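Text of the file final04.txt, holding compact mmCIF, C-alpha atoms:
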# COMPACT_ATOMS: atom_id res chain seq x y z
CA MET P 1081 42.60 48.83 -51.85
CA PHE P 1082 45.82 50.39 -53.12
CA GLN P 1083 47.06 50.84 -49.55
CA SER P 1084 46.47 47.12 -49.00
CA LEU P 1085 48.52 46.32 -52.09
CA LYS P 1086 51.40 48.52 -50.93
CA ARG P 1087 51.57 46.70 -47.60
CA LEU P 1088 52.32 43.32 -49.17
CA ASP P 1089 55.87 41.98 -48.92
CA ARG P 1090 58.19 41.96 -51.95
CA ASN P 1091 58.15 38.14 -51.93
CA ILE P 1092 54.39 38.23 -52.57
CA TRP P 1093 54.75 40.53 -55.58
CA ILE P 1094 57.52 38.42 -57.11
CA ARG P 1095 55.32 35.37 -56.68
CA PHE P 1096 52.33 37.18 -58.17
CA LEU P 1097 54.28 37.98 -61.33
CA GLY P 1098 55.65 34.44 -61.45
CA GLU P 1099 52.24 32.87 -60.83
CA THR P 1100 50.74 34.96 -63.63
CA ILE P 1101 53.38 34.18 -66.26
CA THR P 1102 53.87 30.51 -65.40
CA GLY P 1103 50.09 30.15 -65.03
CA ILE P 1104 49.63 31.34 -68.60
CA MET P 1105 52.24 28.85 -69.81
CA MET P 1106 50.83 25.94 -67.80
CA PHE P 1107 47.28 26.64 -68.95
CA MET P 1108 48.57 26.71 -72.52
CA ILE P 1109 49.42 23.06 -71.99
CA ALA P 1110 46.98 21.54 -69.48
CA PRO P 1111 43.80 21.62 -71.61
CA PHE P 1112 45.58 19.88 -74.48
CA LEU P 1113 47.64 17.26 -72.60
CA VAL P 1114 44.99 14.56 -72.93
CA LEU P 1115 44.82 15.23 -76.70
CA TYR P 1116 48.61 15.05 -76.89
CA TYR P 1117 48.61 11.70 -75.08
CA SER P 1118 45.88 10.28 -77.30
CA ASP P 1119 47.83 11.27 -80.43
CA GLN P 1120 50.98 9.57 -79.15
CA LEU P 1121 49.32 6.35 -77.91
CA ASP P 1122 47.05 3.70 -79.41
CA SER P 1123 45.01 2.95 -76.28
CA TYR P 1124 42.61 5.18 -74.33
CA LEU P 1125 43.24 2.91 -71.34
CA GLN P 1126 46.89 3.97 -71.42
CA VAL P 1127 45.79 7.61 -71.58
CA GLY P 1128 43.58 7.07 -68.53
CA ILE P 1129 46.37 5.42 -66.58
CA ILE P 1130 48.72 8.29 -67.36
CA MET P 1131 46.16 10.90 -66.30
CA ALA P 1132 45.52 9.05 -63.03
CA THR P 1133 49.17 9.32 -61.96
CA GLY P 1134 48.95 13.12 -61.64
CA PRO P 1135 46.64 13.37 -58.57
CA ILE P 1136 48.42 10.49 -56.82
CA MET P 1137 51.85 12.03 -57.23
CA ALA P 1138 50.42 15.46 -56.36
CA LEU P 1139 49.36 14.21 -52.93
CA LEU P 1140 52.79 12.67 -52.35
CA GLY P 1141 54.51 15.84 -53.52
CA SER P 1142 52.39 18.07 -51.28
CA MET P 1143 53.14 15.99 -48.20
CA ILE P 1144 56.86 15.75 -48.94
CA GLY P 1145 57.18 19.35 -50.10
CA GLY P 1146 55.55 20.76 -46.99
CA ARG P 1147 57.79 18.78 -44.68
CA LEU P 1148 60.98 19.61 -46.63
CA ALA P 1149 60.06 23.30 -46.63
CA ASP P 1150 59.93 23.23 -42.81
CA LEU P 1151 63.30 21.49 -42.62
CA TYR P 1152 65.38 23.14 -45.37
CA GLY P 1153 63.59 26.38 -46.23
CA ARG P 1154 60.91 27.65 -48.57
CA LYS P 1155 63.19 29.03 -51.27
CA PRO P 1156 65.20 25.90 -52.21
CA ILE P 1157 62.09 23.70 -52.38
CA MET P 1158 60.29 26.26 -54.56
CA MET P 1159 63.29 26.44 -56.91
CA ILE P 1160 63.68 22.65 -57.12
CA ALA P 1161 59.97 22.33 -57.90
CA ILE P 1162 60.07 24.90 -60.72
CA ILE P 1163 63.24 23.40 -62.24
CA GLY P 1164 61.62 19.95 -62.05
CA ASP P 1165 58.58 21.30 -63.90
CA ALA P 1166 60.83 22.73 -66.62
CA LEU P 1167 62.69 19.44 -67.10
CA ALA P 1168 59.45 17.47 -67.30
CA LEU P 1169 58.07 19.87 -69.91
CA ILE P 1170 61.19 19.49 -72.05
CA GLY P 1171 60.81 15.72 -71.78
CA PHE P 1172 57.26 15.87 -73.12
CA ALA P 1173 58.54 17.33 -76.39
CA PHE P 1174 60.52 14.13 -77.06
CA ALA P 1175 58.33 11.41 -75.47
CA ASP P 1176 56.19 9.36 -77.86
CA SER P 1177 55.40 6.12 -76.01
CA PHE P 1178 53.59 4.95 -72.90
CA TRP P 1179 56.33 4.59 -70.29
CA PRO P 1180 58.15 7.88 -70.95
CA LEU P 1181 54.82 9.77 -70.94
CA LEU P 1182 53.74 8.00 -67.74
CA LEU P 1183 56.97 8.86 -65.94
CA LEU P 1184 56.95 12.46 -67.18
CA ASN P 1185 53.34 12.99 -66.11
CA ALA P 1186 54.16 11.52 -62.69
CA MET P 1187 57.21 13.79 -62.46
CA LEU P 1188 55.16 16.87 -63.40
CA GLY P 1189 52.50 15.98 -60.81
CA LEU P 1190 55.19 15.50 -58.16
CA THR P 1191 57.31 18.60 -58.83
CA ASN P 1192 54.34 20.91 -59.42
CA SER P 1193 52.86 19.93 -56.05
CA LEU P 1194 56.18 20.36 -54.22
CA PHE P 1195 55.93 24.08 -54.89
CA HIS P 1196 52.62 25.02 -53.29
CA PRO P 1197 53.05 24.04 -49.60
CA ALA P 1198 56.41 25.80 -49.49
CA ALA P 1199 55.01 28.85 -51.27
CA SER P 1200 51.93 29.04 -49.02
CA ALA P 1201 54.13 28.74 -45.93
CA MET P 1202 56.27 31.58 -47.24
CA VAL P 1203 53.17 33.79 -47.54
CA ALA P 1204 52.37 33.08 -43.88
CA ASP P 1205 55.99 33.83 -42.89
CA VAL P 1206 56.11 37.31 -44.44
CA THR P 1207 52.51 38.51 -44.01
CA GLU P 1208 50.74 39.85 -40.96
CA PRO P 1209 47.65 37.78 -40.04
CA GLU P 1210 45.23 40.61 -40.83
CA HIS P 1211 46.62 40.88 -44.39
CA MET P 1212 46.87 37.17 -45.31
CA ASN P 1213 43.50 37.18 -47.06
CA GLU P 1214 44.75 39.96 -49.33
CA ALA P 1215 48.01 38.14 -50.10
CA PHE P 1216 46.32 34.85 -50.97
CA GLY P 1217 43.64 36.72 -52.93
CA LEU P 1218 46.29 38.49 -55.02
CA LEU P 1219 48.06 35.22 -55.81
CA ARG P 1220 44.80 33.56 -56.78
CA MET P 1221 44.11 36.47 -59.10
CA GLY P 1222 47.47 35.86 -60.81
CA HIS P 1223 46.67 32.17 -61.20
CA ASN P 1224 43.34 32.99 -62.84
CA ILE P 1225 44.90 35.44 -65.28
CA GLY P 1226 46.80 32.39 -66.49
CA ALA P 1227 43.60 30.35 -66.59
CA ALA P 1228 41.89 33.04 -68.66
CA PHE P 1229 44.60 33.65 -71.29
CA GLY P 1230 46.62 30.41 -71.32
CA PRO P 1231 44.13 28.21 -73.20
CA LEU P 1232 43.62 30.92 -75.86
CA LEU P 1233 47.36 31.15 -76.52
CA GLY P 1234 47.67 27.36 -76.39
CA SER P 1235 44.97 26.83 -79.00
CA ALA P 1236 46.73 29.32 -81.30
CA VAL P 1237 50.20 27.75 -80.97
CA LEU P 1238 48.79 24.22 -81.07
CA PHE P 1239 48.22 24.42 -84.81
CA ILE P 1240 51.70 25.79 -85.50
CA ASP P 1241 54.01 23.50 -83.53
CA ARG P 1242 52.78 21.47 -80.55
CA GLU P 1243 56.28 20.83 -79.20
CA LEU P 1244 56.93 24.58 -79.23
CA ILE P 1245 54.50 24.96 -76.32
CA PHE P 1246 56.60 22.63 -74.14
CA PHE P 1247 59.89 24.38 -74.94
CA ALA P 1248 58.41 27.84 -74.42
CA ALA P 1249 56.87 26.84 -71.09
CA ALA P 1250 60.12 25.20 -69.94
CA PHE P 1251 62.07 28.37 -70.81
CA ILE P 1252 59.66 30.58 -68.83
CA PHE P 1253 59.77 28.20 -65.86
CA GLY P 1254 63.56 28.30 -65.98
CA LEU P 1255 63.51 32.11 -65.87
CA TYR P 1256 61.11 31.97 -62.92
CA ALA P 1257 63.48 29.65 -61.04
CA LEU P 1258 66.31 32.15 -61.61
CA ALA P 1259 64.10 35.01 -60.41
CA LEU P 1260 63.23 33.06 -57.27
CA GLY P 1261 66.90 32.40 -56.60
CA TYR P 1262 67.93 36.01 -57.11
CA PHE P 1263 65.03 38.09 -55.75
CA ILE P 1264 63.15 35.96 -53.19
CA ARG P 1265 64.47 36.10 -49.64
CA GLU P 1266 64.31 33.01 -47.46
CA SER P 1267 61.53 33.35 -44.90
CA LEU P 1268 61.84 30.16 -42.82
CA PRO P 1269 61.89 31.19 -39.14
CA GLU P 1270 64.98 30.10 -37.23
CA PHE P 1271 64.47 27.17 -34.90
CA THR P 1272 66.78 25.24 -32.62
CA GLU P 1273 67.18 21.51 -33.14
CA ASP P 1274 64.87 20.87 -30.19
CA GLU P 1275 62.17 23.04 -31.79
CA THR P 1276 62.24 21.08 -35.07
CA PRO P 1277 59.73 18.21 -34.80
CA SER P 1278 60.52 14.70 -36.02
CA ASN P 1279 58.30 12.98 -38.59
CA ARG P 1280 56.61 11.01 -35.80
CA GLU P 1281 55.96 14.20 -33.83
CA VAL P 1282 54.43 15.84 -36.92
CA LEU P 1283 52.00 12.94 -37.33
CA ARG P 1284 51.15 13.08 -33.62
CA VAL P 1285 50.37 16.80 -33.90
CA PHE P 1286 48.07 16.16 -36.87
CA TYR P 1287 46.29 13.35 -35.04
CA ASN P 1288 45.68 15.51 -31.96
CA ASP P 1289 44.70 18.69 -33.83
CA ARG P 1290 40.93 18.17 -34.01
CA VAL P 1291 40.37 21.65 -35.45
CA PHE P 1292 42.59 20.83 -38.43
CA LEU P 1293 40.99 17.40 -38.94
CA ILE P 1294 37.47 18.90 -38.89
CA PHE P 1295 38.64 21.59 -41.32
CA ILE P 1296 39.84 18.88 -43.73
CA PHE P 1297 36.58 16.92 -43.34
CA ALA P 1298 34.47 19.98 -44.16
CA GLY P 1299 36.77 20.82 -47.05
CA ILE P 1300 36.13 17.45 -48.72
CA PHE P 1301 32.56 18.48 -49.64
CA ILE P 1302 33.80 21.83 -51.01
CA SER P 1303 36.47 19.99 -52.98
CA MET P 1304 33.82 17.66 -54.39
CA GLY P 1305 31.85 20.71 -55.50
CA PHE P 1306 34.81 22.26 -57.28
CA SER P 1307 35.72 18.96 -58.92
CA VAL P 1308 32.26 18.03 -60.16
CA VAL P 1309 31.60 21.49 -61.62
CA GLU P 1310 34.99 21.81 -63.30
CA SER P 1311 35.03 18.30 -64.75
CA MET P 1312 31.38 17.42 -65.30
CA LEU P 1313 29.47 20.66 -65.91
CA PRO P 1314 29.67 20.35 -69.72
CA LEU P 1315 27.93 16.97 -69.39
CA PHE P 1316 25.32 18.40 -67.00
CA LEU P 1317 24.52 21.06 -69.56
CA LYS P 1318 24.45 18.52 -72.39
CA GLU P 1319 22.01 16.41 -70.38
CA SER P 1320 19.85 19.43 -69.48
CA LEU P 1321 19.83 20.86 -73.02
CA PRO P 1322 19.51 17.68 -75.10
CA THR P 1323 18.78 19.23 -78.51
CA TYR P 1324 21.64 21.76 -78.36
CA THR P 1325 24.76 21.03 -80.41
CA ALA P 1326 28.25 20.81 -78.90
CA GLN P 1327 28.98 24.28 -80.29
CA GLN P 1328 25.94 25.66 -78.44
CA ASN P 1329 27.01 24.27 -75.05
CA PRO P 1330 27.27 27.35 -72.79
CA PHE P 1331 30.18 25.94 -70.74
CA PRO P 1332 32.99 27.94 -72.45
CA TYR P 1333 31.17 31.21 -71.71
CA LEU P 1334 30.71 30.22 -68.07
CA LEU P 1335 34.38 29.30 -67.76
CA ALA P 1336 35.47 32.62 -69.27
CA LEU P 1337 33.17 34.49 -66.87
CA ASN P 1338 34.73 32.67 -63.91
CA GLY P 1339 38.24 33.72 -64.93
CA ILE P 1340 37.24 37.34 -65.57
CA MET P 1341 35.41 37.64 -62.24
CA VAL P 1342 38.34 36.25 -60.26
CA VAL P 1343 40.78 38.59 -62.00
CA LEU P 1344 38.60 41.65 -61.37
CA PHE P 1345 37.07 40.96 -57.98
CA GLN P 1346 39.12 38.39 -56.04
CA PHE P 1347 41.50 40.86 -54.40
CA PRO P 1348 38.83 43.43 -53.39
CA ILE P 1349 36.69 40.66 -51.89
CA ALA P 1350 39.65 39.14 -50.04
CA SER P 1351 40.66 42.57 -48.74
CA LYS P 1352 37.13 43.36 -47.57
CA LEU P 1353 36.79 40.06 -45.69
CA GLY P 1354 40.29 40.08 -44.20
CA ASN P 1355 39.21 41.01 -40.67
CA LYS P 1356 35.88 39.17 -40.60
CA PRO P 1357 35.42 36.02 -38.43
CA PHE P 1358 36.45 32.83 -40.26
CA GLY P 1359 33.31 30.89 -39.41
CA LYS P 1360 30.85 33.52 -40.61
CA VAL P 1361 32.77 34.14 -43.84
CA MET P 1362 32.99 30.44 -44.64
CA LEU P 1363 29.31 29.93 -43.80
CA ALA P 1364 28.40 32.67 -46.26
CA GLY P 1365 30.81 31.47 -48.93
CA ALA P 1366 29.91 27.78 -48.69
CA THR P 1367 26.18 28.59 -48.69
CA VAL P 1368 26.43 30.78 -51.80
CA PHE P 1369 28.69 28.15 -53.43
CA GLY P 1370 26.31 25.29 -52.63
CA ILE P 1371 23.16 27.14 -53.65
CA GLY P 1372 24.93 28.14 -56.86
CA MET P 1373 25.55 24.45 -57.62
CA ILE P 1374 21.90 23.61 -56.95
CA LEU P 1375 20.80 26.41 -59.27
CA LEU P 1376 23.17 25.10 -61.95
CA ALA P 1377 21.35 21.76 -61.68
CA ILE P 1378 17.82 23.20 -61.78
CA VAL P 1379 17.89 26.36 -63.91
CA PRO P 1380 19.10 24.93 -67.27
CA ARG P 1381 16.44 22.21 -67.20
CA ALA P 1382 13.74 24.72 -66.28
CA LEU P 1383 14.75 27.16 -69.02
CA TYR P 1384 14.83 24.36 -71.58
CA ALA P 1385 11.38 23.15 -70.50
CA LEU P 1386 10.07 26.71 -70.89
CA ASP P 1387 11.61 26.89 -74.41
CA VAL P 1388 13.60 30.03 -73.56
CA PRO P 1389 15.59 31.30 -76.60
CA TYR P 1390 19.33 30.63 -76.68
CA LEU P 1391 20.71 34.12 -75.89
CA PRO P 1392 18.44 34.82 -72.89
CA LEU P 1393 19.13 31.28 -71.66
CA VAL P 1394 22.90 31.85 -71.79
CA GLY P 1395 22.47 35.23 -70.07
CA ILE P 1396 20.54 33.68 -67.18
CA LEU P 1397 23.09 30.88 -66.84
CA LEU P 1398 25.89 33.45 -66.73
CA ALA P 1399 24.11 35.16 -63.83
CA VAL P 1400 23.76 31.83 -62.01
CA TYR P 1401 27.43 31.00 -62.61
CA ALA P 1402 28.43 34.45 -61.35
CA PHE P 1403 26.58 33.65 -58.11
CA TYR P 1404 28.43 30.31 -57.84
CA THR P 1405 31.78 32.03 -58.54
CA LEU P 1406 31.08 34.60 -55.81
CA GLY P 1407 30.91 31.78 -53.27
CA GLU P 1408 34.18 30.40 -54.62
CA MET P 1409 35.89 33.79 -54.30
CA ILE P 1410 34.66 34.29 -50.73
CA MET P 1411 36.01 30.92 -49.57
CA SER P 1412 39.32 30.30 -51.31
CA PRO P 1413 41.63 32.91 -49.68
CA VAL P 1414 39.97 32.41 -46.27
CA GLN P 1415 40.68 28.67 -46.34
CA GLN P 1416 44.37 29.28 -46.98
CA THR P 1417 44.52 31.99 -44.33
CA PHE P 1418 42.93 29.68 -41.74
CA ILE P 1419 45.58 27.00 -42.34
CA ALA P 1420 48.32 29.60 -41.96
CA LEU P 1421 46.84 30.84 -38.68
CA ILE P 1422 46.30 27.48 -36.97
CA ALA P 1423 49.59 25.89 -38.08
CA PRO P 1424 52.46 25.95 -35.56
CA GLU P 1425 55.20 28.24 -36.85
CA ASN P 1426 57.64 25.33 -37.25
CA MET P 1427 55.09 23.21 -39.19
CA ARG P 1428 53.53 25.63 -41.67
CA GLY P 1429 54.80 23.72 -44.67
CA ALA P 1430 53.62 20.38 -43.28
CA TYR P 1431 50.15 21.77 -42.55
CA ASN P 1432 49.78 23.21 -46.05
CA GLY P 1433 50.87 19.87 -47.50
CA ALA P 1434 48.48 17.84 -45.34
CA ALA P 1435 45.57 20.15 -46.20
CA SER P 1436 45.80 18.95 -49.81
CA ILE P 1437 44.28 15.62 -48.74
CA GLN P 1438 40.81 17.18 -48.94
CA TRP P 1439 41.37 18.08 -52.59
CA LEU P 1440 42.56 14.60 -53.52
CA ILE P 1441 39.60 12.88 -51.82
CA GLY P 1442 37.07 15.29 -53.30
CA GLY P 1443 38.70 15.25 -56.73
CA VAL P 1444 38.57 11.44 -56.92
CA THR P 1445 35.16 10.75 -55.35
CA ALA P 1446 33.02 13.46 -56.97
CA PRO P 1447 33.44 12.38 -60.63
CA ILE P 1448 32.85 8.74 -59.66
CA ILE P 1449 29.64 9.58 -57.77
CA ALA P 1450 28.45 11.84 -60.59
CA SER P 1451 29.11 9.15 -63.22
CA VAL P 1452 26.77 6.74 -61.38
CA PHE P 1453 23.97 9.30 -61.66
CA PHE P 1454 24.82 10.01 -65.30
CA ASP P 1455 24.39 6.33 -66.12
CA ASN P 1456 20.80 6.71 -64.91
CA ARG P 1457 20.28 10.03 -66.76
CA ALA P 1458 20.14 11.90 -63.45
CA GLY P 1459 23.37 13.87 -63.40
CA HIS P 1460 21.56 16.93 -62.06
CA ILE P 1461 20.69 15.00 -58.88
CA ALA P 1462 24.40 14.53 -58.15
CA LEU P 1463 24.95 18.26 -58.51
CA ILE P 1464 22.06 18.98 -56.13
CA LEU P 1465 23.33 16.50 -53.52
CA ILE P 1466 26.91 17.79 -53.62
CA GLY P 1467 25.61 21.38 -53.52
CA GLY P 1468 23.62 20.52 -50.40
CA ALA P 1469 26.71 18.90 -48.87
CA SER P 1470 28.66 22.10 -49.58
CA CYS P 1471 26.03 24.08 -47.63
CA LEU P 1472 26.48 21.58 -44.80
CA SER P 1473 30.22 22.30 -44.90
CA GLY P 1474 29.38 25.95 -44.27
CA ILE P 1475 27.63 25.02 -41.03
CA ILE P 1476 30.62 22.89 -39.98
CA TYR P 1477 33.00 25.76 -40.75
CA TRP P 1478 30.77 28.13 -38.76
CA GLN P 1479 30.81 25.87 -35.71
CA LEU P 1480 34.55 25.40 -36.11
CA GLY P 1481 35.05 29.17 -36.18
CA ARG P 1482 32.96 29.58 -33.01
CA HIS P 1483 35.03 26.88 -31.29
CA VAL P 1484 38.31 28.56 -32.23
CA GLN P 1485 37.03 31.97 -31.06
CA ALA P 1486 35.88 30.50 -27.73
CA THR P 1487 39.23 28.77 -27.22
CA GLU P 1488 41.14 32.00 -27.96
CA ALA P 1489 38.92 33.93 -25.54
CA LYS P 1490 39.62 31.41 -22.76
CA GLN P 1491 43.37 31.62 -23.39
CA LYS P 1492 43.29 35.44 -23.16
CA THR P 1493 41.42 35.41 -19.84
CA ALA P 1494 43.52 32.59 -18.34
Conversion result in structure tokens:
Amino acid sequence: MFQSLKRLDRNIWIRFLGETITGIMMFMIAPFLVLYYSDQLDSYLQVGIIMATGPIMALLGSMIGGRLADLYGRKPIMMIAIIGDALALIGFAFADSFWPLLLLNAMLGLTNSLFHPAASAMVADVTEPEHMNEAFGLLRMGHNIGAAFGPLLGSAVLFIDRELIFFAAAFIFGLYALALGYFIRESLPEFTEDETPSNREVLRVFYNDRVFLIFIFAGIFISMGFSVVESMLPLFLKESLPTYTAQQNPFPYLLALNGIMVVLFQFPIASKLGNKPFGKVMLAGATVFGIGMILLAIVPRALYALDVPYLPLVGILLAVYAFYTLGEMIMSPVQQTFIALIAPENMRGAYNGAASIQWLIGGVTAPIIASVFFDNRAGHIALILIGGASCLSGIIYWQLGRHVQATEAKQKTA
């Protein structure tokens, strides 16, 4: 494993450190933003409208950011995105009414999403194909260190000075922008003007790339799984364990386990699977992920019906959630690697931006579908259905991998 780490480019390590530190700062803020909005505003409808602007602007930012990264370079777009994040965070410390908060939340959604397509394209630029899984796995580990420690720090600072969180995060983001400018080397391959596609040509490539379109379609079900577990699992557990108090809800323990597992095991898993066929890996990951969701729907209700004591119940649920998290860890780096491998060299940013469509569709549709089942006291059915759909995605990924392998074999023998 240590040899794999040594092989990674300096750009990856700088990003890992940046992802870790800025991830901690961002996760200090994200869990408490909705509380901050509700304190500043008189209407929950206004809070909902503000929160809805984030995903919409994130899609726009991903599409624009990917295209700009192909035209003007990875480094300047990454720096602009981080500086934009810092300015938005400073603005939050002073905003106390609807329109400023709406515009700042839209700005944060836009600038934050500008960063990722350019950054993912940079990883593909500087990493050999056989080591991409390891690179993306390392970066995901840094992100989850932030997810594990950020909320704890945020809850501590929250009671001292809420605005202090915004200023501290903005300062760290500013330092990260300076580090990117000084230490990161530009990785955009050199192309002639004829090799740089127009916007119309980019759209035509997307339309004709059936492999990429099928990949996005399959990813929608996986995205729905992520979204419904992350946003609705506390309600699933509340529904399944009706006499338990809010303090007894096991969700915080499950969330902590997820972060710890990713920090400890994401890179070794990504390194181990780096040379394995895409289709088989995604079939395994999606199947484990989907079955894990189904177990999350069934097991709590069964344990409650059997009157299992609280501590053994939490222990069993932790084991189930560990199984679900294993599927997540198998899939995530492989998905990013696949995009990097199928994207034309002069469109890596655009491909990474377009791939975000699956996350927007899944993130919007899954909570809506789940809420319909919740209204009929059947939230667990939604989890079972989406878990089954995730398993179906695994089969689609498997067939897609076989198709890509067959196509590559034909090209080699031609």
Using only C-alpha atoms, find each residue of segment 1128-1238 of chain P with at least one atom at most 10 Å away from an atom of segment 1438-1459 of chain P; report its shortest atom-to-atom pair and that distance in Å (one decimal), sort the rows by chain and rising residue number, and return the result as a tab-separated table.
residue	atom	partner	partner_atom	distance
P:Ala1132	CA	P:Val1444	CA	9.6
P:Pro1135	CA	P:Leu1440	CA	6.6
P:Ile1136	CA	P:Leu1440	CA	7.9
P:Ala1138	CA	P:Leu1440	CA	8.4
P:Leu1139	CA	P:Leu1440	CA	6.8
Segment 1147-1266 of chain P residues near segment 1350-1362 of chain P within 7 Å, closest pair each, using all atoms listed in the file, as a Markdown table:
| residue | atom | partner | partner_atom | distance |
| --- | --- | --- | --- | --- |
| P:Glu1210 | CA | P:Gly1354 | CA | 6.0 |
| P:His1211 | CA | P:Gly1354 | CA | 6.4 |
| P:Asn1213 | CA | P:Gly1354 | CA | 5.2 |
| P:Glu1214 | CA | P:Ser1351 | CA | 4.9 |
| P:Gly1217 | CA | P:Ala1350 | CA | 5.5 |
Spatial neighbours of Asp1205 of chain P, max dist 8 Å, all atoms listed in the file, sep filter under 3 positions, as JSON, numbers by chain: {"P": [1201, 1202, 1267, 1268, 1269]}
Could you give me, as CSV, a per-residue list for segment 1315-1381 of chain P showing, wherever an atom lies at most 9 Å from an atom of segment 1393-1397 of chain P, the closest pair of atoms and their distance in Å to one decimal, using all atoms listed in the file and sorting by chain then residue number from low to high?
residue,atom,partner,partner_atom,distance
P:Pro1330,CA,P:Val1394,CA,6.4
P:Tyr1333,CA,P:Val1394,CA,8.3
P:Leu1334,CA,P:Leu1397,CA,7.7
P:Leu1376,CA,P:Leu1397,CA,7.6
P:Val1379,CA,P:Leu1397,CA,7.5
P:Pro1380,CA,P:Leu1397,CA,7.2
Given all atoms listed in the file as the basis, pick out the residue of P:Leu1335, P:Leu1218, P:Ala1420, P:Ala1168 nearest to Ala1186 of chain P. P:Ala1168
Work out how far apart atom CA of His1196 of chain P and atom CA of His1483 of chain P are and give it in Å to one decimal. 28.2 Å
Atom CA of Phe1229 of chain P to atom CA of Ile1109 of chain P, straight-line distance in Å: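 So the two atoms, atom CA of Ile1109 of chain P and atom CA of Phe1229 of chain P, lie 11.7 Å apart.
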Counting all atoms listed in the file, the residue of P:Ala1377, P:Leu1181, P:Leu1121, P:Leu1344 that sits nearest Leu1313 of chain P: P:Ala1377
Hey, what's within 12 Å of Trp1179 of chain P if we count only C-alpha atoms and toss same-chain stuff fewer than 4 positions away? As a list in words, please?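 Surrounding residues, per the criterion: Tyr1117, Gln1120, Leu1121, Gln1126, Val1127, Ile1129, Ile1130, Thr1133, Phe1172, Ala1175, Leu1183, Leu1184, Asn1185 and Ala1186 of chain P.
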Atoms kept (C-alpha atoms) for selection, written as a compact mmCIF listing (two decimals), in the frame of the given file:
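Result saved to out-v6.txt:
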# COMPACT_ATOMS: atom_id res chain seq x y z
CA TYR P 1117 48.61 11.70 -75.08
CA GLN P 1120 50.98 9.57 -79.15
CA LEU P 1121 49.32 6.35 -77.91
CA GLN P 1126 46.89 3.97 -71.42
CA VAL P 1127 45.79 7.61 -71.58
CA ILE P 1129 46.37 5.42 -66.58
CA ILE P 1130 48.72 8.29 -67.36
CA THR P 1133 49.17 9.32 -61.96
CA PHE P 1172 57.26 15.87 -73.12
CA ALA P 1175 58.33 11.41 -75.47
CA LEU P 1183 56.97 8.86 -65.94
CA LEU P 1184 56.95 12.46 -67.18
CA ASN P 1185 53.34 12.99 -66.11
CA ALA P 1186 54.16 11.52 -62.69
